[in-house]
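As stored in data24.pdb (PDB, C-alpha atoms):
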MODEL        1
ATOM      1  CA  MET U  73      -5.526 -13.827  49.764
ATOM      2  CA  LYS U  74      -4.069 -17.067  48.448
ATOM      3  CA  VAL U  75      -5.647 -18.987  45.558
ATOM      4  CA  LYS U  76      -6.471 -21.833  47.965
ATOM      5  CA  GLU U  77      -8.632 -19.550  50.126
ATOM      6  CA  PHE U  78     -10.150 -18.013  47.016
ATOM      7  CA  MET U  79     -11.184 -21.481  45.798
ATOM      8  CA  GLU U  80     -12.801 -22.206  49.152
ATOM      9  CA  ARG U  81     -14.887 -19.034  48.803
ATOM     10  CA  VAL U  82     -15.910 -20.007  45.288
ATOM     11  CA  GLY U  83     -16.696 -23.535  46.485
ATOM     12  CA  THR U  84     -14.566 -25.517  44.077
ATOM     13  CA  THR U  85     -11.631 -27.901  44.194
ATOM     14  CA  LYS U  86     -10.833 -27.620  40.483
ATOM     15  CA  THR U  87      -7.569 -25.655  40.568
ATOM     16  CA  GLY U  88      -6.974 -25.404  36.821
ATOM     17  CA  ARG U  89     -10.392 -23.971  36.011
ATOM     18  CA  ALA U  90     -10.398 -21.710  39.065
ATOM     19  CA  VAL U  91      -7.013 -20.212  38.113
ATOM     20  CA  ALA U  92      -8.070 -19.774  34.472
ATOM     21  CA  TYR U  93     -11.306 -18.036  35.448
ATOM     22  CA  LEU U  94      -9.484 -15.925  38.041
ATOM     23  CA  LYS U  95      -7.176 -14.648  35.277
ATOM     24  CA  ASP U  96     -10.272 -13.906  33.178
ATOM     25  CA  ALA U  97     -11.755 -11.997  36.120
ATOM     26  CA  MET U  98      -8.641  -9.866  36.569
ATOM     27  CA  GLU U  99      -8.529  -9.157  32.839
ATOM     28  CA  ASP U 100     -12.187  -8.139  32.828
ATOM     29  CA  MET U 101     -11.624  -5.895  35.865
ATOM     30  CA  ASN U 102      -8.840  -4.086  34.055
ATOM     31  CA  ILE U 103     -11.034  -3.427  31.055
ATOM     32  CA  TYR U 104     -13.871  -2.185  33.213
ATOM     33  CA  SER U 105     -12.131  -0.568  36.173
ATOM     34  CA  GLU U 106      -8.347  -0.084  35.641
ATOM     35  CA  THR U 107      -7.029  -1.806  38.766
ATOM     36  CA  HIS U 108      -3.434  -2.387  37.591
ATOM     37  CA  VAL U 109      -1.686   0.268  35.525
ATOM     38  CA  ALA U 110       1.771   0.249  33.894
ATOM     39  CA  THR U 111       3.692   2.647  31.671
ATOM     40  CA  GLU U 112       6.057   1.811  28.844
ATOM     41  CA  LYS U 113       8.271   4.179  26.877
ATOM     42  CA  ILE U 114       9.073   3.406  23.251
ATOM     43  CA  ASP U 115      11.638   5.052  20.958
ATOM     44  CA  ILE U 116      10.222   6.906  17.984
ATOM     45  CA  THR U 117      12.142   6.112  14.814
ATOM     46  CA  SER U 118      12.223   8.415  11.821
ATOM     47  CA  GLY U 119      10.078   7.011   9.032
ATOM     48  CA  GLN U 120       8.581   4.250  11.173
ATOM     49  CA  ARG U 121       4.842   4.494  11.686
ATOM     50  CA  PHE U 122       3.912   1.201  13.398
ATOM     51  CA  TYR U 123       4.972   0.262  16.938
ATOM     52  CA  THR U 124       4.224  -3.024  18.687
ATOM     53  CA  LEU U 125       2.146  -2.858  21.852
ATOM     54  CA  PRO U 126       3.229  -4.702  25.018
ATOM     55  CA  LYS U 127       1.880  -8.274  25.063
ATOM     56  CA  THR U 128       0.457  -7.807  28.559
ATOM     57  CA  LEU U 129      -1.640  -4.814  27.519
ATOM     58  CA  VAL U 130      -5.345  -5.159  28.318
ATOM     59  CA  LYS U 131      -6.527  -1.596  27.670
ATOM     60  CA  ILE U 132      -4.802   1.607  26.564
ATOM     61  CA  ILE U 133      -5.473   4.417  29.025
ATOM     62  CA  ASP U 134      -3.397   7.158  27.464
ATOM     63  CA  LEU U 135      -0.768   7.789  24.792
ATOM     64  CA  ARG U 136       1.639  10.655  25.334
ATOM     65  CA  VAL U 137       4.415  11.924  23.089
ATOM     66  CA  LYS U 138       7.413  14.027  24.028
ATOM     67  CA  SER U 139       7.265  17.573  22.635
ATOM     68  CA  HIS U 140       3.730  17.149  21.299
ATOM     69  CA  ASN U 141       2.380  20.680  20.861
ATOM     70  CA  ASN U 142       5.069  22.120  23.142
ATOM     71  CA  GLY U 143       8.685  23.196  22.918
ATOM     72  CA  ASN U 144       9.932  22.109  26.348
ATOM     73  CA  ASP U 145      10.121  18.296  25.921
ATOM     74  CA  ALA U 146       6.998  17.690  28.008
ATOM     75  CA  TYR U 147       4.900  14.566  27.402
ATOM     76  CA  ARG U 148       1.379  15.388  26.273
ATOM     77  CA  SER U 149      -1.569  13.231  25.313
ATOM     78  CA  ILE U 150      -2.100  12.827  21.608
ATOM     79  CA  PRO U 151      -5.485  12.493  19.874
ATOM     80  CA  ARG U 152      -6.709   9.351  18.133
ATOM     81  CA  LEU U 153      -7.557   9.680  14.466
ATOM     82  CA  THR U 154     -10.907   8.304  13.407
ATOM     83  CA  PHE U 155      -9.705   7.906   9.813
ATOM     84  CA  GLU U 156      -6.374   6.699   8.501
ATOM     85  CA  PRO U 157      -4.292   9.486   6.930
ATOM     86  CA  LYS U 158      -4.037   9.839   3.164
ATOM     87  CA  ILE U 159      -0.232   9.507   3.185
ATOM     88  CA  LYS U 160       0.529   5.789   3.600
ATOM     89  CA  ASP U 161       3.653   4.217   5.026
ATOM     90  CA  SER U 162       5.778   1.455   3.549
ATOM     91  CA  ASP U 163       6.257  -0.373   6.864
ATOM     92  CA  GLY U 164       2.519  -0.983   7.291
ATOM     93  CA  GLN U 165       1.651  -4.686   7.409
TER      94      GLN U 165
ATOM     95  CA  MET B  79       5.794  28.198   7.159
ATOM     96  CA  ALA B  80       6.313  25.134   9.314
ATOM     97  CA  SER B  81       6.578  25.401  13.096
ATOM     98  CA  ASP B  82       9.368  23.933  15.290
ATOM     99  CA  ILE B  83       6.740  22.384  17.558
ATOM    100  CA  LYS B  84       5.664  18.877  16.560
ATOM    101  CA  SER B  85       2.104  17.661  16.539
ATOM    102  CA  TYR B  86       1.263  13.948  16.637
ATOM    103  CA  ALA B  87      -1.767  11.685  16.503
ATOM    104  CA  TYR B  88      -2.323   7.931  16.443
ATOM    105  CA  TYR B  89      -4.616   5.211  15.238
ATOM    106  CA  ILE B  90      -4.724   1.494  15.956
ATOM    107  CA  LYS B  91      -3.860  -1.066  13.288
ATOM    108  CA  GLY B  92      -4.255  -4.643  14.506
ATOM    109  CA  ASN B  93      -1.980  -5.106  17.522
ATOM    110  CA  LYS B  94       0.111  -2.041  16.687
ATOM    111  CA  ILE B  95      -0.027   1.675  17.286
ATOM    112  CA  ALA B  96       0.331   3.778  14.170
ATOM    113  CA  LEU B  97       1.990   7.049  15.154
ATOM    114  CA  VAL B  98       1.738   9.937  12.733
ATOM    115  CA  GLN B  99       2.993  13.483  12.696
ATOM    116  CA  ARG B 100       1.195  16.473  11.257
ATOM    117  CA  ASN B 101       2.944  17.312   8.030
ATOM    118  CA  SER B 102       2.746  21.058   8.661
ATOM    119  CA  THR B 103       5.078  20.594  11.677
ATOM    120  CA  ASP B 104       7.830  19.184   9.429
ATOM    121  CA  SER B 105      10.221  21.891   8.228
ATOM    122  CA  SER B 106      10.291  20.461   4.685
ATOM    123  CA  ALA B 107       6.503  20.241   4.302
ATOM    124  CA  SER B 108       4.807  21.865   1.375
ATOM    125  CA  GLY B 109       2.231  21.280  -1.330
ATOM    126  CA  GLU B 110      -1.254  19.784  -1.209
ATOM    127  CA  ASP B 111      -0.469  17.369   1.676
ATOM    128  CA  TYR B 112       0.690  20.224   3.902
ATOM    129  CA  HIS B 113      -2.073  19.740   6.477
ATOM    130  CA  ASP B 114      -2.200  15.927   6.335
ATOM    131  CA  PHE B 115      -0.513  13.414   8.657
ATOM    132  CA  LYS B 116       2.529  11.276   7.805
ATOM    133  CA  SER B 117       5.038   9.010   9.613
ATOM    134  CA  PRO B 118       7.332  10.649  12.222
ATOM    135  CA  THR B 119      10.221  12.559  10.701
ATOM    136  CA  GLU B 120      12.636  12.419  13.650
ATOM    137  CA  THR B 121      14.172   9.675  15.800
ATOM    138  CA  VAL B 122      13.607  10.458  19.483
ATOM    139  CA  ALA B 123      14.487   8.096  22.358
ATOM    140  CA  ASP B 124      11.669   7.176  24.779
ATOM    141  CA  ALA B 125       9.354   9.659  23.101
ATOM    142  CA  LEU B 126       6.190   7.544  22.956
ATOM    143  CA  GLU B 127       4.712   6.811  26.367
ATOM    144  CA  VAL B 128       1.965   4.200  26.603
ATOM    145  CA  GLN B 129      -0.082   3.994  29.778
ATOM    146  CA  TYR B 130      -2.100   0.794  29.926
ATOM    147  CA  THR B 131      -3.749  -1.746  32.194
ATOM    148  CA  TYR B 132      -2.490  -5.312  32.537
ATOM    149  CA  THR B 133      -3.554  -8.552  34.204
ATOM    150  CA  PRO B 134      -1.656  -9.072  37.485
ATOM    151  CA  ASP B 135      -1.014 -12.791  36.992
ATOM    152  CA  TYR B 136       2.323 -12.610  38.784
ATOM    153  CA  PHE B 137       3.808 -11.148  41.935
ATOM    154  CA  ILE B 138       7.404  -9.878  42.267
ATOM    155  CA  ASN B 139       8.525 -11.121  45.666
ATOM    156  CA  GLU B 140      11.577  -8.875  45.967
ATOM    157  CA  THR B 141      12.285  -6.008  43.592
ATOM    158  CA  ASP B 142      15.976  -6.119  44.604
ATOM    159  CA  ASP B 143      16.309  -9.501  42.911
ATOM    160  CA  VAL B 144      16.772  -8.013  39.486
ATOM    161  CA  ASP B 145      19.255  -8.485  36.652
ATOM    162  CA  THR B 146      19.974  -5.727  34.116
ATOM    163  CA  GLN B 147      22.563  -7.423  31.903
ATOM    164  CA  ILE B 148      20.329  -8.857  29.162
ATOM    165  CA  ASP B 149      20.883  -6.690  26.107
ATOM    166  CA  THR B 150      19.792  -8.570  22.975
ATOM    167  CA  TYR B 151      17.332 -11.220  21.774
ATOM    168  CA  VAL B 152      16.832 -13.613  18.876
ATOM    169  CA  SER B 153      14.389 -16.314  17.810
ATOM    170  CA  LEU B 154      15.307 -19.917  18.547
ATOM    171  CA  GLY B 155      12.937 -22.319  16.838
ATOM    172  CA  GLY B 156      10.072 -19.869  17.234
ATOM    173  CA  LEU B 157      10.855 -19.160  20.880
ATOM    174  CA  LEU B 158      12.289 -16.034  22.429
ATOM    175  CA  LYS B 159      15.959 -16.290  23.423
ATOM    176  CA  LEU B 160      17.372 -13.557  25.681
ATOM    177  CA  ILE B 161      21.110 -12.971  25.470
ATOM    178  CA  ASP B 162      23.598 -11.277  27.756
ATOM    179  CA  THR B 163      26.608 -10.500  25.592
ATOM    180  CA  GLY B 164      28.610 -10.349  28.841
ATOM    181  CA  ASP B 165      27.978 -14.112  29.280
ATOM    182  CA  ASN B 166      26.430 -14.082  32.756
ATOM    183  CA  ASP B 167      25.546 -17.630  33.880
ATOM    184  CA  TYR B 168      21.823 -17.469  34.741
ATOM    185  CA  SER B 169      21.736 -21.068  35.937
ATOM    186  CA  ALA B 170      24.032 -20.122  38.825
ATOM    187  CA  SER B 171      23.292 -18.072  41.928
ATOM    188  CA  PRO B 172      21.763 -15.559  42.440
ATOM    189  CA  GLU B 173      19.346 -16.089  39.493
ATOM    190  CA  SER B 174      19.480 -19.938  39.619
ATOM    191  CA  LEU B 175      17.064 -20.252  36.689
ATOM    192  CA  SER B 176      16.098 -23.614  35.204
ATOM    193  CA  ASP B 177      13.338 -25.227  33.131
ATOM    194  CA  GLY B 178       9.992 -24.151  34.622
ATOM    195  CA  SER B 179      11.264 -21.043  36.434
ATOM    196  CA  HIS B 180       9.336 -17.826  35.950
ATOM    197  CA  ILE B 181      10.755 -14.372  35.278
ATOM    198  CA  VAL B 182       9.217 -10.936  34.782
ATOM    199  CA  LEU B 183      10.623  -8.496  32.220
ATOM    200  CA  GLU B 184      10.313  -4.729  32.547
ATOM    201  CA  ASN B 185      11.342  -2.011  30.037
ATOM    202  CA  ALA B 186      11.354  -4.770  27.430
ATOM    203  CA  GLY B 187       8.753  -3.222  25.120
ATOM    204  CA  GLN B 188       6.482  -5.873  23.642
ATOM    205  CA  PHE B 189       8.007  -8.533  25.936
ATOM    206  CA  ASN B 190       7.024  -6.870  29.207
ATOM    207  CA  GLY B 191       5.448  -9.220  31.725
ATOM    208  CA  LEU B 192       5.642 -12.801  32.931
ATOM    209  CA  HIS B 193       7.614 -15.478  31.073
ATOM    210  CA  LYS B 194       8.394 -19.149  31.687
ATOM    211  CA  VAL B 195      11.970 -20.365  31.296
ATOM    212  CA  LYS B 196      12.656 -23.336  29.024
ATOM    213  CA  ASP B 197      16.421 -23.549  28.999
ATOM    214  CA  VAL B 198      19.381 -21.690  30.488
ATOM    215  CA  SER B 199      22.895 -21.650  29.110
ATOM    216  CA  ALA B 200      26.023 -21.013  31.147
ATOM    217  CA  ALA B 201      27.162 -18.797  28.264
ATOM    218  CA  GLY B 202      24.689 -16.032  29.060
ATOM    219  CA  SER B 203      21.385 -16.902  27.410
ATOM    220  CA  ILE B 204      17.859 -17.801  28.481
ATOM    221  CA  VAL B 205      15.370 -19.541  26.198
ATOM    222  CA  LEU B 206      11.738 -18.867  27.092
ATOM    223  CA  TYR B 207       8.509 -20.634  26.201
ATOM    224  CA  THR B 208       7.334 -17.275  24.803
ATOM    225  CA  LYS B 209       6.679 -17.395  21.052
ATOM    226  CA  TYR B 210       8.734 -15.011  18.940
ATOM    227  CA  SER B 211       9.126 -14.831  15.189
ATOM    228  CA  GLY B 212      12.380 -13.162  14.145
ATOM    229  CA  SER B 213      15.901 -13.789  12.947
ATOM    230  CA  ALA B 214      17.827 -16.662  14.566
ATOM    231  CA  SER B 215      21.220 -15.193  13.728
ATOM    232  CA  VAL B 216      20.906 -11.402  13.845
ATOM    233  CA  GLN B 217      20.643 -10.282  17.450
ATOM    234  CA  LYS B 218      18.210  -7.430  18.094
ATOM    235  CA  ALA B 219      19.105  -5.010  20.853
ATOM    236  CA  PHE B 220      16.590  -3.858  23.451
ATOM    237  CA  GLU B 221      15.908  -0.142  23.272
ATOM    238  CA  GLU B 222      17.062   0.338  26.864
ATOM    239  CA  PRO B 223      18.478  -1.798  29.708
ATOM    240  CA  ILE B 224      15.760  -4.220  30.764
ATOM    241  CA  ASN B 225      14.931  -5.352  34.278
ATOM    242  CA  LEU B 226      14.750  -9.126  34.662
ATOM    243  CA  TYR B 227      13.092 -10.052  37.969
ATOM    244  CA  TYR B 228      13.883 -13.635  38.889
ATOM    245  CA  ASN B 229      12.268 -13.892  42.329
ATOM    246  CA  VAL B 230       8.644 -13.979  41.220
ATOM    247  CA  SER B 231       5.505 -15.942  41.966
ATOM    248  CA  ALA B 232       3.251 -16.851  39.043
ATOM    249  CA  LEU B 233      -0.482 -17.425  39.198
ATOM    250  CA  ILE B 234      -0.389 -21.138  38.420
ATOM    251  CA  ASP B 235      -1.305 -22.967  41.635
ATOM    252  CA  GLU B 236      -3.069 -22.703  45.001
ATOM    253  CA  THR B 237      -0.094 -21.213  46.856
ATOM    254  CA  HIS B 238      -0.054 -17.984  44.845
ATOM    255  CA  GLU B 239      -0.981 -14.782  46.662
ATOM    256  CA  ILE B 240      -3.557 -12.973  44.536
ATOM    257  CA  ASP B 241      -2.480  -9.423  43.751
ATOM    258  CA  LEU B 242      -5.864  -7.825  44.381
ATOM    259  CA  SER B 243      -7.297  -5.864  47.295
ATOM    260  CA  SER B 244      -9.608  -7.855  49.562
ATOM    261  CA  PHE B 245     -12.578  -5.855  48.201
ATOM    262  CA  LEU B 246     -11.775  -6.657  44.581
ATOM    263  CA  THR B 247     -11.133 -10.290  45.460
ATOM    264  CA  LYS B 248     -14.812 -10.492  46.453
ATOM    265  CA  ALA B 249     -15.690  -9.286  42.964
ATOM    266  CA  ALA B 250     -13.421 -11.959  41.477
ATOM    267  CA  VAL B 251     -15.205 -14.600  43.574
ATOM    268  CA  TYR B 252     -18.538 -13.566  42.022
ATOM    269  CA  TYR B 253     -17.016 -13.587  38.543
ATOM    270  CA  VAL B 254     -15.636 -17.109  38.918
ATOM    271  CA  LYS B 255     -18.920 -18.318  40.448
ATOM    272  CA  ALA B 256     -20.713 -16.866  37.421
ATOM    273  CA  LYS B 257     -18.411 -18.781  35.080
ATOM    274  CA  PHE B 258     -18.977 -22.055  36.925
ATOM    275  CA  ALA B 259     -22.755 -21.435  36.833
ATOM    276  CA  GLU B 260     -22.505 -20.774  33.099
ATOM    277  CA  ASP B 261     -20.594 -24.026  32.611
ATOM    278  CA  ALA B 262     -23.356 -25.838  34.463
ATOM    279  CA  GLY B 263     -25.959 -24.267  32.166
ATOM    280  CA  ASN B 264     -27.530 -22.234  34.955
ATOM    281  CA  ILE B 265     -27.859 -18.901  33.153
ATOM    282  CA  ASP B 266     -30.091 -17.231  35.773
ATOM    283  CA  LEU B 267     -27.498 -17.898  38.464
ATOM    284  CA  LYS B 268     -24.731 -16.718  36.140
ATOM    285  CA  GLU B 269     -26.570 -13.417  35.531
ATOM    286  CA  TYR B 270     -27.099 -12.958  39.282
ATOM    287  CA  PHE B 271     -23.388 -13.447  40.053
ATOM    288  CA  MET B 272     -22.335 -11.138  37.203
ATOM    289  CA  LYS B 273     -24.682  -8.467  38.546
ATOM    290  CA  GLU B 274     -23.069  -8.756  41.974
ATOM    291  CA  TYR B 275     -19.635  -8.637  40.333
ATOM    292  CA  ARG B 276     -20.454  -5.395  38.491
ATOM    293  CA  LYS B 277     -21.973  -3.929  41.645
ATOM    294  CA  ILE B 278     -18.740  -4.447  43.614
ATOM    295  CA  LEU B 279     -16.635  -3.012  40.779
ATOM    296  CA  ASP B 280     -18.866   0.085  40.664
ATOM    297  CA  ARG B 281     -18.605   0.508  44.418
ATOM    298  CA  HIS B 282     -14.819   0.128  44.170
ATOM    299  CA  ASP B 283     -14.612   2.869  41.525
ATOM    300  CA  ASN B 284     -16.993   5.174  43.370
ATOM    301  CA  SER B 285     -15.081   4.760  46.633
ATOM    302  CA  LYS B 286     -12.175   6.751  45.179
ATOM    303  CA  ILE B 287     -14.259   9.818  44.398
ATOM    304  CA  THR B 288     -15.280  12.093  47.255
ATOM    305  CA  GLY B 289     -17.513  15.149  47.287
ATOM    306  CA  ILE B 290     -19.724  16.361  44.507
ATOM    307  CA  ARG B 291     -19.109  15.309  40.922
ATOM    308  CA  ARG B 292     -18.571  17.860  38.228
ATOM    309  CA  MET B 293     -18.442  17.383  34.512
ATOM    310  CA  SER B 294     -16.294  19.462  32.232
ATOM    311  CA  ALA B 295     -15.863  19.643  28.480
ATOM    312  CA  PHE B 296     -12.176  20.498  28.926
ATOM    313  CA  GLY B 297     -11.046  17.078  27.654
ATOM    314  CA  MET B 298     -12.811  17.748  24.349
ATOM    315  CA  LYS B 299     -10.224  20.391  23.523
ATOM    316  CA  ARG B 300      -7.381  17.921  22.987
TER     317      ARG B 300
ENDMDL
END

Would you give me this structure, written as structure tokens?
Amino acid sequence: MKVKEFMERVGTTKTGRAVAYLKDAMEDMNIYSETHVATEKIDITSGQRFYTLPKTLVKIIDLRVKSHNNGNDAYRSIPRLTFEPKIKDSDGQ
Amino acid sequence: MASDIKSYAYYIKGNKIALVQRNSTDSSASGEDYHDFKSPTETVADALEVQYTYTPDYFINETDDVDTQIDTYVSLGGLLKLIDTGDNDYSASPESLSDGSHIVLENAGQFNGLHKVKDVSAAGSIVLYTKYSGSASVQKAFEEPINLYYNVSALIDETHEIDLSSFLTKAAVYYVKAKFAEDAGNIDLKEYFMKEYRKILDRHDNSKITGIRRMSAFGMKR
């Protein structure tokens, strides 16, 4: 469906607001229902703790790391810590 | 004695992932912090895989219309400048980019997604309207070859084809109606439309699950 037809269904002629709210709707859907999913692979660097998330990210579904708890280079989900570890890192900002 | 198998965990710090490795899986670990977590001890390419949802505010018209020659980036006056060290002219065919064109980047880490072009140089660079704070002189290399899709449609006007199923588009209609009702101060109407919106989303999610539903505590073991 094109935006023009969408606006007719909503009953508005205000393109700017309709497009802005449509983007909000799609963002909300992806928080609530996961309609569009992507995967990104990032290099792990020795001694580096913090990694920047993709700017388009709305919600993290899963984080997997190569060789986590296995010896055959398989990607496995890693757990989230509820507390920050005692050993700090110098690259933390 | 430390094991050869690594064990990782993460936590979120602002807009970044903090990745940590269990100290006991580092061969040099010892002492009182043996069982604690610390920063990764090895460099491994493509080792962290992030699966996430995104807002589909663009549509790639043809996936064959892709360039893979961009290899580095810098900051130019606070804007992101992509550079092909091979000096491809992006203002010429087939890319034919100019001020106002849209591109989509893939495998570009934090820069994944839709971008608007500000300026194109014949000497192999593209300046985007995307904000980026970094060095203007030291070029940073992308971790892997990026895909630059130049035949894309952005959600900016009435001609754009919305990248949603017809069922979910109905939900979006209710959402936008709710927002307009809220703007008009009609909160009852807004709540009604939001209820309808949630109802369609629930039906959409439930439509993918057939048969009886079982619950398992297996996921708790991770």

Would you pick out the contacts of B:Ile224 at 6 Å or less, using all atoms listed in the file, so that residues sharing its chain but fewer than 3 positions from it are not included, and give the list as an MDAnalysis selection string? chainID B and resid 146 184:186

Could you write out as a PDB file with C-alpha atoms, keeping the file's coordinate frame the residues that the PyMOL selection byres ((chain U and resi 133-135) around 8) matches in the shown file?
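Result file out12.pdb:
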ATOM      1  CA  LYS U 131      -6.527  -1.596  27.670  1.00  0.00           C
ATOM      2  CA  ILE U 132      -4.802   1.607  26.564  1.00  0.00           C
ATOM      3  CA  ARG U 136       1.639  10.655  25.334  1.00  0.00           C
ATOM      4  CA  VAL U 137       4.415  11.924  23.089  1.00  0.00           C
ATOM      5  CA  SER U 149      -1.569  13.231  25.313  1.00  0.00           C
ATOM      6  CA  ILE U 150      -2.100  12.827  21.608  1.00  0.00           C
TER       7      ILE U 150
ATOM      8  CA  LEU B 126       6.190   7.544  22.956  1.00  0.00           C
ATOM      9  CA  GLU B 127       4.712   6.811  26.367  1.00  0.00           C
ATOM     10  CA  VAL B 128       1.965   4.200  26.603  1.00  0.00           C
ATOM     11  CA  GLN B 129      -0.082   3.994  29.778  1.00  0.00           C
ATOM     12  CA  TYR B 130      -2.100   0.794  29.926  1.00  0.00           C
ATOM     13  CA  THR B 131      -3.749  -1.746  32.194  1.00  0.00           C
TER      14      THR B 131
END

I'd like a table as a tab-separated table: residues in chain B with an atom no more than 7 Å from chain U, each row giving the shortest atom pair and its distance in Å to one decimal, all atoms listed in the file counted, sorted by chain and rising residue number.
residue	atom	partner	partner_atom	distance
B:Ile83	CA	U:Asn141	CA	5.7
B:Lys84	CA	U:His140	CA	5.4
B:Ser85	CA	U:His140	CA	5.1
B:Tyr86	CA	U:Ile150	CA	6.1
B:Ala87	CA	U:Pro151	CA	5.1
B:Tyr88	CA	U:Arg152	CA	4.9
B:Tyr89	CA	U:Leu153	CA	5.4
B:Asn93	CA	U:Leu125	CA	6.4
B:Lys94	CA	U:Thr124	CA	4.7
B:Ile95	CA	U:Tyr123	CA	5.2
B:Ala96	CA	U:Phe122	CA	4.5
B:Leu97	CA	U:Arg121	CA	5.2
B:Val98	CA	U:Arg121	CA	6.4
B:Asp114	CA	U:Pro157	CA	6.8
B:Phe115	CA	U:Pro157	CA	5.7
B:Lys116	CA	U:Ile159	CA	5.7
B:Ser117	CA	U:Arg121	CA	5.0
B:Pro118	CA	U:Ser118	CA	5.4
B:Thr119	CA	U:Ser118	CA	4.7
B:Glu120	CA	U:Ser118	CA	4.4
B:Thr121	CA	U:Thr117	CA	4.2
B:Val122	CA	U:Ile116	CA	5.1
B:Ala123	CA	U:Asp115	CA	4.4
B:Asp124	CA	U:Asp115	CA	4.4
B:Ala125	CA	U:Lys138	CA	4.9
B:Leu126	CA	U:Val137	CA	4.7
B:Glu127	CA	U:Lys113	CA	4.5
B:Val128	CA	U:Leu135	CA	4.9
B:Gln129	CA	U:Thr111	CA	4.4
B:Tyr130	CA	U:Ile132	CA	4.4
B:Thr131	CA	U:Val109	CA	4.4
B:Tyr132	CA	U:Val130	CA	5.1
B:Thr133	CA	U:Glu99	CA	5.2
B:Pro134	CA	U:His108	CA	6.9
B:Asp135	CA	U:Lys95	CA	6.7
B:Asn185	CA	U:Glu112	CA	6.6
B:Gly187	CA	U:Pro126	CA	5.7
B:Gln188	CA	U:Pro126	CA	3.7
B:Phe189	CA	U:Pro126	CA	6.2
B:Asn190	CA	U:Pro126	CA	6.1
B:Gly191	CA	U:Thr128	CA	6.1
B:Ile234	CA	U:Val91	CA	6.7
B:Asp235	CA	U:Thr87	CA	6.9
B:Glu236	CA	U:Val75	CA	4.6
B:Thr237	CA	U:Lys74	CA	6.0
B:His238	CA	U:Lys74	CA	5.5
B:Glu239	CA	U:Lys74	CA	4.2
B:Ile240	CA	U:Met73	CA	5.7
B:Ala250	CA	U:Ala97	CA	5.6
B:Val251	CA	U:Val82	CA	5.7
B:Tyr253	CA	U:Ala97	CA	6.0
B:Val254	CA	U:Tyr93	CA	5.6
B:Lys255	CA	U:Val82	CA	5.9
B:Leu279	CA	U:Ser105	CA	6.9
B:Asp283	CA	U:Ser105	CA	6.8
B:Arg300	CA	U:Pro151	CA	6.5

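The interatomic distance for the pair atom CA of B:Asp143 and atom CA of B:Thr247 works out to 27.6 Å.
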
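Picture a line from atom CA of B:Ala256 to atom CA of U:Lys86; it runs 14.9 Å.
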
Which one of B:Ile204, B:Ile90, B:Val230, B:Leu154 sits closest to B:Glu140 if you count only C-alpha atoms?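 Between B:Ile204, B:Ile90, B:Val230, B:Leu154, the residue approaching B:Glu140 most closely is B:Val230.
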
Take the PyMOL selection byres ((chain B and resi 165) around 8), run it mentally on this structure, and tell me the resulting residues as a PyMOL selection string. chain B and resi 161-164+166-167+200-203

Save out the residues we just selected, C-alpha atoms, as a JSON list (two decimals), in the frame of the given file.
[["chain", "number", "residue", "atom", "x", "y", "z"],
["B", 161, "ILE", "CA", 21.11, -12.97, 25.47],
["B", 162, "ASP", "CA", 23.60, -11.28, 27.76],
["B", 163, "THR", "CA", 26.61, -10.50, 25.59],
["B", 164, "GLY", "CA", 28.61, -10.35, 28.84],
["B", 166, "ASN", "CA", 26.43, -14.08, 32.76],
["B", 167, "ASP", "CA", 25.55, -17.63, 33.88],
["B", 200, "ALA", "CA", 26.02, -21.01, 31.15],
["B", 201, "ALA", "CA", 27.16, -18.80, 28.26],
["B", 202, "GLY", "CA", 24.69, -16.03, 29.06],
["B", 203, "SER", "CA", 21.38, -16.90, 27.41]]

Listed atoms of stretch 193-199 of chain B boxed along x, y and z, 4 Å each side, centre and edge lengths in Å, one decimal, as JSON:
{"center_x": 15.3, "center_y": -19.5, "center_z": 30.3, "size_x": 23.3, "size_y": 16.1, "size_z": 10.7}

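Picture a line from atom CA of B:His193 to atom CA of B:Phe245; it runs 28.2 Å.
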
Written as number ranges by chain, what is the full residue list that the PyMOL selection byres ((chain B and resi 274) around 12) yields on the file shown? B: 246, 248-256, 267-273, 275-281

If we count all atoms listed in the file and set the cut-off at 6 Å, which residues sit around B:Tyr210, ignoring sequence neighbours fewer than 2 positions away in its own chain? Please answer as a ChimeraX atom specification. /B:153,156-158
